[in-house]
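**Student:** Data: model.json, JSON, C-alpha atoms and all ligand atoms.
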[["chain", "number", "residue", "atom", "x", "y", "z"],
["T", 1, "MET", "CA", 15.78, 18.87, -17.82],
["T", 2, "LYS", "CA", 12.47, 17.38, -16.83],
["T", 3, "LYS", "CA", 12.46, 15.35, -13.67],
["T", 4, "LYS", "CA", 11.89, 11.70, -14.38],
["T", 5, "TYR", "CA", 10.34, 10.69, -11.08],
["T", 6, "LYS", "CA", 7.66, 12.91, -9.69],
["T", 7, "ALA", "CA", 5.72, 11.33, -6.93],
["T", 8, "MET", "CA", 5.39, 8.69, -4.33],
["T", 9, "VAL", "CA", 2.05, 6.93, -4.37],
["T", 10, "LEU", "CA", 0.69, 5.61, -1.09],
["T", 11, "SER", "CA", -2.10, 3.11, -1.76],
["T", 12, "CYS", "CA", -3.77, 0.08, -0.19],
["T", 13, "MET", "CA", -2.82, -3.55, -0.77],
["T", 14, "ASP", "CA", -6.47, -4.52, -1.47],
["T", 15, "PRO", "CA", -6.49, -6.70, -4.65],
["T", 16, "ARG", "CA", -9.68, -5.03, -5.91],
["T", 17, "PHE", "CA", -7.89, -1.72, -6.33],
["T", 18, "GLN", "CA", -4.54, -2.57, -7.92],
["T", 19, "THR", "CA", -5.74, -2.23, -11.52],
["T", 20, "LYS", "CA", -7.95, 0.76, -10.67],
["T", 21, "VAL", "CA", -5.07, 2.61, -8.99],
["T", 22, "SER", "CA", -2.75, 1.83, -11.86],
["T", 23, "ASN", "CA", -5.36, 3.03, -14.38],
["T", 24, "TYR", "CA", -5.82, 6.25, -12.44],
["T", 25, "LEU", "CA", -2.08, 6.89, -12.42],
["T", 26, "LYS", "CA", -1.99, 6.18, -16.14],
["T", 27, "ARG", "CA", -4.80, 8.72, -16.66],
["T", 28, "ILE", "CA", -2.80, 11.41, -14.88],
["T", 29, "LYS", "CA", 0.27, 10.41, -16.94],
["T", 30, "LEU", "CA", 2.39, 9.07, -14.12],
["T", 31, "THR", "CA", 3.11, 5.59, -15.46],
["T", 32, "GLY", "CA", 6.77, 4.82, -14.81],
["T", 33, "LYS", "CA", 7.25, 8.07, -12.91],
["T", 34, "TYR", "CA", 6.27, 7.25, -9.37],
["T", 35, "SER", "CA", 7.58, 5.21, -6.50],
["T", 36, "ALA", "CA", 4.98, 2.97, -4.89],
["T", 37, "PHE", "CA", 4.29, 2.33, -1.25],
["T", 38, "THR", "CA", 1.44, -0.12, -0.91],
["T", 39, "ILE", "CA", 0.22, -1.12, 2.53],
["T", 40, "ALA", "CA", -3.08, -2.08, 4.15],
["T", 41, "GLY", "CA", -5.22, 1.04, 4.51],
["T", 42, "ALA", "CA", -2.89, 3.44, 2.65],
["T", 43, "ALA", "CA", -3.02, 6.63, 4.81],
["T", 44, "VAL", "CA", -5.02, 4.76, 7.45],
["T", 45, "GLY", "CA", -2.27, 2.15, 7.78],
["T", 46, "VAL", "CA", 0.48, 4.72, 8.25],
["T", 47, "THR", "CA", -1.37, 6.95, 10.74],
["T", 48, "ALA", "CA", -3.84, 4.93, 12.85],
["T", 49, "PRO", "CA", -2.59, 3.94, 16.34],
["T", 50, "LYS", "CA", -3.81, 0.39, 15.61],
["T", 51, "PHE", "CA", -1.00, 0.01, 13.04],
["T", 52, "LYS", "CA", 1.68, 1.86, 14.98],
["T", 53, "LYS", "CA", 4.46, -0.52, 13.94],
["T", 54, "TRP", "CA", 3.98, 0.42, 10.29],
["T", 55, "HIS", "CA", 4.24, 4.18, 10.64],
["T", 56, "SER", "CA", 7.99, 4.71, 10.78],
["T", 57, "THR", "CA", 8.52, 2.30, 7.87],
["T", 58, "PHE", "CA", 6.44, 4.56, 5.69],
["T", 59, "TRP", "CA", 8.09, 7.82, 6.76],
["T", 60, "GLU", "CA", 11.53, 6.32, 6.30],
["T", 61, "ASN", "CA", 10.61, 5.12, 2.82],
["T", 62, "LEU", "CA", 9.21, 8.54, 1.98],
["T", 63, "ASN", "CA", 12.45, 10.19, 3.15],
["T", 64, "THR", "CA", 14.42, 7.76, 1.01],
["T", 65, "SER", "CA", 12.31, 8.45, -2.05],
["T", 66, "ILE", "CA", 12.72, 12.20, -1.57],
["T", 67, "LYS", "CA", 16.50, 11.74, -1.41],
["T", 68, "ILE", "CA", 16.96, 9.14, -4.13],
["T", 69, "HIS", "CA", 14.14, 9.81, -6.58],
["T", 70, "LYS", "CA", 13.79, 13.55, -5.95],
["T", 71, "ILE", "CA", 10.03, 13.29, -5.72],
["T", 72, "ASN", "CA", 8.12, 16.51, -5.15],
["T", 73, "LYS", "CA", 4.71, 15.08, -4.37],
["T", 74, "LEU", "CA", 2.97, 12.48, -2.26],
["T", 75, "ILE", "CA", -0.19, 11.05, -3.79],
["T", 76, "VAL", "CA", -2.38, 9.29, -1.26],
["T", 77, "ILE", "CA", -5.09, 6.94, -2.49],
["T", 78, "ASN", "CA", -7.36, 5.57, 0.22],
["T", 79, "HIS", "CA", -10.43, 3.62, -0.81],
["T", 80, "MET", "CA", -13.98, 2.87, 0.32],
["T", 81, "ASP", "CA", -14.85, -0.46, 1.94],
["T", 82, "CYS", "CA", -11.28, -0.78, 3.20],
["T", 83, "GLY", "CA", -10.49, -3.68, 5.53],
["T", 84, "ALA", "CA", -7.95, -1.60, 7.48],
["T", 85, "ALA", "CA", -10.56, 1.12, 8.05],
["T", 86, "LYS", "CA", -12.90, -1.59, 9.37],
["T", 87, "ILE", "CA", -10.22, -2.72, 11.83],
["T", 88, "VAL", "CA", -9.74, 0.86, 13.02],
["T", 89, "ASN", "CA", -13.52, 1.27, 13.31],
["T", 90, "GLY", "CA", -13.64, -1.67, 15.72],
["T", 91, "VAL", "CA", -16.98, -2.80, 17.09],
["T", 92, "LYS", "CA", -18.89, 0.33, 16.04],
["T", 93, "GLU", "CA", -21.23, 0.10, 13.07],
["T", 94, "PHE", "CA", -19.18, 0.63, 9.89],
["T", 95, "ASN", "CA", -21.54, 3.22, 8.42],
["T", 96, "LEU", "CA", -20.69, 5.92, 5.91],
["T", 97, "GLN", "CA", -20.19, 8.56, 8.59],
["T", 98, "ASN", "CA", -17.72, 6.47, 10.61],
["T", 99, "GLU", "CA", -15.96, 5.32, 7.46],
["T", 100, "MET", "CA", -15.47, 8.90, 6.23],
["T", 101, "LYS", "CA", -14.27, 10.00, 9.65],
["T", 102, "ILE", "CA", -11.48, 7.39, 9.55],
["T", 103, "HIS", "CA", -10.31, 8.54, 6.11],
["T", 104, "GLU", "CA", -10.49, 12.24, 6.98],
["T", 105, "ASN", "CA", -8.58, 11.59, 10.17],
["T", 106, "SER", "CA", -5.80, 9.80, 8.30],
["T", 107, "PHE", "CA", -5.61, 12.62, 5.73],
["T", 108, "GLU", "CA", -5.34, 15.24, 8.48],
["T", 109, "LYS", "CA", -2.53, 13.34, 10.20],
["T", 110, "ILE", "CA", -0.54, 12.96, 6.99],
["T", 111, "LYS", "CA", -1.05, 16.62, 6.17],
["T", 112, "SER", "CA", 0.16, 17.86, 9.56],
["T", 113, "TYR", "CA", 3.17, 15.54, 9.53],
["T", 114, "LEU", "CA", 4.21, 16.74, 6.08],
["T", 115, "ARG", "CA", 3.79, 20.38, 7.08],
["T", 116, "ARG", "CA", 6.31, 19.83, 9.83],
["T", 117, "LYS", "CA", 8.79, 17.48, 8.16],
["T", 118, "HIS", "CA", 8.55, 18.19, 4.42],
["T", 119, "PRO", "CA", 6.83, 21.55, 3.95],
["T", 120, "ARG", "CA", 7.80, 21.76, 0.28],
["T", 121, "LEU", "CA", 6.38, 18.37, -0.66],
["T", 122, "LYS", "CA", 3.05, 18.64, -2.47],
["T", 123, "LEU", "CA", 0.25, 16.48, -1.24],
["T", 124, "GLU", "CA", -2.70, 14.99, -3.09],
["T", 125, "LEU", "CA", -5.39, 13.29, -1.01],
["T", 126, "ASN", "CA", -7.74, 10.93, -2.84],
["T", 127, "LEU", "CA", -10.46, 8.55, -1.85],
["T", 128, "MET", "CA", -11.24, 5.92, -4.46],
["T", 129, "LEU", "CA", -14.76, 4.57, -4.76],
["T", 130, "LEU", "CA", -15.48, 0.93, -5.58],
["T", 131, "ASN", "CA", -16.04, 1.83, -9.24],
["T", 132, "GLY", "CA", -12.59, 3.41, -9.49],
["T", 133, "LYS", "CA", -13.82, 7.00, -9.39],
["T", 134, "ILE", "CA", -11.71, 9.42, -7.38],
["T", 135, "GLU", "CA", -12.92, 11.88, -4.78],
["T", 136, "LYS", "CA", -10.44, 14.67, -3.98],
["T", 137, "PHE", "CA", -9.88, 15.95, -0.46],
["T", 201, "ZN", "ZN", -7.87, -1.17, 1.81]]
I need this file expressed as structure tokens, please.
**Tutor:**
Amino acid sequence: MKKKYKAMVLSCMDPRFQTKVSNYLKRIKLTGKYSAFTIAGAAVGVTAPKFKKWHSTFWENLNTSIKIHKINKLIVINHMDCGAAKIVNGVKEFNLQNEMKIHENSFEKIKSYLRRKHPRLKLELNLMLLNGKIEKF
């Protein structure tokens, strides 16, 4: 039997991206088949020290989704021009290089955590541009 639920999607709460994220998930045929965890910054929110209080909430929800929904994949969708990334960036100039560093850092942290805690869970790391296009990492 085919598994009904396949993935958990970690995305940002930014209103500009709700429709774009949902359209992307439709394109990859996941409509109705994913559990959603939406929080400021997506991977940035659940890994950056600035948002420490949020981290365990995400990992506990991921654990729950693995148990209850039998997901086999985590799909991360960060996005450009993210307010949470700007908070993490602090007083430095929010240029492309600093912005990318924040996203890459969050992806690395998620990857190493999953390797330790859920080595069989697949991981998809995406960065969404303002026009809805996806860059894979
Ligand atoms: Zn955001």
**Student:** Step by step, measure atom-to-atom distances between ligand ZN 201 (chain T) and each residue using only C-alpha atoms and all ligand atoms, keep those at most 6 Å, then write them as a PyMOL selection string.
**Tutor:** chain T and resi 12+14+40-41+82-84
**Student:** CA of Gly32 in chain T to CA of Arg115 in chain T: how many Å, to one decimal?
**Tutor:**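 Going from CA of Gly32 in chain T over to CA of Arg115 in chain T covers 27.0 Å.
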**Student:** Name all residues at most 10 Å from Leu129 in chain T (count all atoms listed in the file; drop same-chain ones fewer than 6 positions away) and give them as an MDAnalysis selection string.
**Tutor:** chainID T and resid 17 20 78:81 135
**Student:** Can you work out which one of T:Ala36, T:Ile68, T:Leu10, T:Leu123 has the shortest atom-to-atom distance to Glu108 in chain T, counting all atoms listed in the file?
**Tutor:**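 Smallest separation from Glu108 in chain T among the options: T:Leu123.
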**Student:** Calculated over all atoms listed in the file, which of the candidates T:Pro119, T:Gly132, T:Gly90, T:Pro49 has the smallest distance to Asn105 in chain T?
**Tutor:**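 Between T:Pro119, T:Gly132, T:Gly90, T:Pro49, the residue approaching Asn105 in chain T most closely is T:Pro49.
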**Student:** Determine the nearest neighbour of Ile39 in chain T from the options T:Asn63, T:Ser11, T:Asn89, T:Tyr24, counting all atoms listed in the file.
**Tutor:** T:Ser11
**Student:** Check the smallest atom-to-atom distance from each of T:Lys136, T:Lys122, T:Lys111, T:Lys101 to Asn72 in chain T using all atoms listed in the file, then report the winner.
**Tutor:**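 When distances to Asn72 in chain T are compared using all atoms listed in the file, the smallest one comes from T:Lys122.
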**Student:** Hey, can you pull every residue with an atom no more than 7 Å from (-6.6, 12.4, -4.6), using all atoms listed in the file, and send it as a count of residues only?
**Tutor:** 11
**Student:** Closest to Ile71 in chain T among T:Met128, T:Val21, T:Ala85, T:Leu121, using only C-alpha atoms?
**Tutor:**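 Nearest candidate to Ile71 in chain T out of T:Met128, T:Val21, T:Ala85, T:Leu121: T:Leu121.
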**Student:** Grab the CA of Ile87 in chain T to CA of Ser35 in chain T distance for me, in Å with one decimal place.
**Tutor:**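 So the answer is 26.8 Å.
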**Student:** Please determine, counting all atoms listed in the file, which residue among T:Ser106, T:Ser22, T:Leu114, T:Leu74 has the shortest atom-to-atom distance to Phe51 in chain T.
**Tutor:** T:Ser106
**Student:** Record the distance separating CA of Lys86 in chain T and CA of Thr57 in chain T, expressed in Å with one decimal.
**Tutor:** 21.8 Å
**Student:** Would you list the residues near (2.0, 5.4, 5.5) (no more than 9 Å away, in the coordinates of the file, using only C-alpha atoms) as a list in words?
**Tutor:** Leu10, Ser11, Phe37, Thr38, Ile39, Gly41, Ala42, Ala43, Val44, Gly45, Val46, Thr47, Trp54, His55, Ser56, Thr57, Phe58, Trp59, Leu62, Val76 and Ile110 of chain T
**Student:** Quick one: what's the axis-aligned box for range 60-78 of chain T, all listed atoms, 4 Å on every side, centre and edges in Å to one decimal, as lines of an AutoDock Vina configuration file?
**Tutor:**
center_x = 4.8
center_y = 10.8
center_z = -0.1
size_x = 32.3
size_y = 19.4
size_z = 20.9
**Student:** Please, can range 118-129 of chain T be completed to all heavy atoms and returned as a CSV table (one decimal), keeping the file's coordinate frame?
**Tutor:**
chain,number,residue,atom,x,y,z
T,118,HIS,N,8.2,18.0,5.8
T,118,HIS,CA,8.6,18.2,4.4
T,118,HIS,C,7.6,19.3,3.8
T,118,HIS,O,6.8,19.0,3.0
T,118,HIS,CB,8.4,16.9,3.6
T,118,HIS,CG,9.2,15.8,4.1
T,118,HIS,ND1,10.6,15.7,4.0
T,118,HIS,CD2,8.9,14.6,4.8
T,118,HIS,CE1,11.1,14.6,4.5
T,118,HIS,NE2,10.0,13.9,5.0
T,119,PRO,N,7.8,20.5,4.3
T,119,PRO,CA,6.8,21.6,4.0
T,119,PRO,C,6.8,21.8,2.4
T,119,PRO,O,5.8,22.4,2.0
T,119,PRO,CB,7.3,22.8,4.7
T,119,PRO,CG,8.7,22.4,5.2
T,119,PRO,CD,8.8,21.0,5.3
T,120,ARG,N,7.8,21.5,1.7
T,120,ARG,CA,7.8,21.8,0.3
T,120,ARG,C,7.2,20.6,-0.6
T,120,ARG,O,7.0,20.8,-1.8
T,120,ARG,CB,9.2,22.1,-0.2
T,120,ARG,CG,9.5,23.6,0.0
T,120,ARG,CD,10.9,23.9,-0.5
T,120,ARG,NE,11.9,23.0,0.2
T,120,ARG,CZ,13.2,23.1,0.1
T,120,ARG,NH1,13.7,24.0,-0.8
T,120,ARG,NH2,14.0,22.3,0.7
T,121,LEU,N,7.0,19.5,0.1
T,121,LEU,CA,6.4,18.4,-0.7
T,121,LEU,C,4.9,18.6,-0.9
T,121,LEU,O,4.1,18.9,0.0
T,121,LEU,CB,6.6,17.1,0.2
T,121,LEU,CG,6.5,15.8,-0.6
T,121,LEU,CD1,7.7,15.6,-1.5
T,121,LEU,CD2,6.4,14.6,0.4
T,122,LYS,N,4.5,18.5,-2.2
T,122,LYS,CA,3.0,18.6,-2.5
T,122,LYS,C,2.3,17.4,-2.0
T,122,LYS,O,2.9,16.3,-2.0
T,122,LYS,CB,2.9,18.9,-4.0
T,122,LYS,CG,3.2,20.2,-4.4
T,122,LYS,CD,3.0,20.4,-5.9
T,122,LYS,CE,4.3,20.9,-6.6
T,122,LYS,NZ,4.4,20.5,-8.0
T,123,LEU,N,1.0,17.6,-1.8
T,123,LEU,CA,0.2,16.5,-1.2
T,123,LEU,C,-1.1,16.4,-2.0
T,123,LEU,O,-1.8,17.4,-2.1
T,123,LEU,CB,0.0,16.7,0.3
T,123,LEU,CG,-0.8,15.7,1.0
T,123,LEU,CD1,-0.2,14.3,0.9
T,123,LEU,CD2,-1.1,16.1,2.4
T,124,GLU,N,-1.4,15.2,-2.4
T,124,GLU,CA,-2.7,15.0,-3.1
T,124,GLU,C,-3.4,13.9,-2.3
T,124,GLU,O,-2.9,12.8,-2.1
T,124,GLU,CB,-2.5,14.4,-4.5
T,124,GLU,CG,-3.0,15.3,-5.6
T,124,GLU,CD,-2.7,14.6,-6.9
T,124,GLU,OE1,-3.2,13.5,-7.2
T,124,GLU,OE2,-2.0,15.3,-7.7
T,125,LEU,N,-4.6,14.2,-1.8
T,125,LEU,CA,-5.4,13.3,-1.0
T,125,LEU,C,-6.6,12.8,-1.8
T,125,LEU,O,-7.5,13.6,-2.2
T,125,LEU,CB,-5.8,14.0,0.3
T,125,LEU,CG,-4.7,14.4,1.2
T,125,LEU,CD1,-5.2,15.4,2.3
T,125,LEU,CD2,-3.9,13.3,1.8
T,126,ASN,N,-6.7,11.5,-2.0
T,126,ASN,CA,-7.7,10.9,-2.8
T,126,ASN,C,-8.4,9.8,-2.1
T,126,ASN,O,-7.8,9.0,-1.4
T,126,ASN,CB,-7.2,10.3,-4.1
T,126,ASN,CG,-6.4,11.3,-4.9
T,126,ASN,OD1,-6.9,12.3,-5.5
T,126,ASN,ND2,-5.1,11.2,-4.9
T,127,LEU,N,-9.7,9.7,-2.3
T,127,LEU,CA,-10.5,8.6,-1.8
T,127,LEU,C,-11.1,7.9,-3.1
T,127,LEU,O,-11.8,8.5,-3.8
T,127,LEU,CB,-11.5,9.0,-0.9
T,127,LEU,CG,-12.4,7.9,-0.2
T,127,LEU,CD1,-11.5,6.9,0.6
T,127,LEU,CD2,-13.5,8.5,0.7
T,128,MET,N,-10.7,6.6,-3.3
T,128,MET,CA,-11.2,5.9,-4.5
T,128,MET,C,-12.5,5.1,-4.1
T,128,MET,O,-12.6,4.5,-3.1
T,128,MET,CB,-10.2,5.0,-5.0
T,128,MET,CG,-10.6,4.4,-6.4
T,128,MET,SD,-9.2,3.5,-7.1
T,128,MET,CE,-8.4,4.7,-8.1
T,129,LEU,N,-13.5,5.3,-5.0
T,129,LEU,CA,-14.8,4.6,-4.8
T,129,LEU,C,-14.6,3.2,-5.4
T,129,LEU,O,-13.7,2.9,-6.1
T,129,LEU,CB,-15.9,5.3,-5.4
T,129,LEU,CG,-16.0,6.8,-5.0
T,129,LEU,CD1,-17.2,7.5,-5.7
T,129,LEU,CD2,-16.0,7.1,-3.5
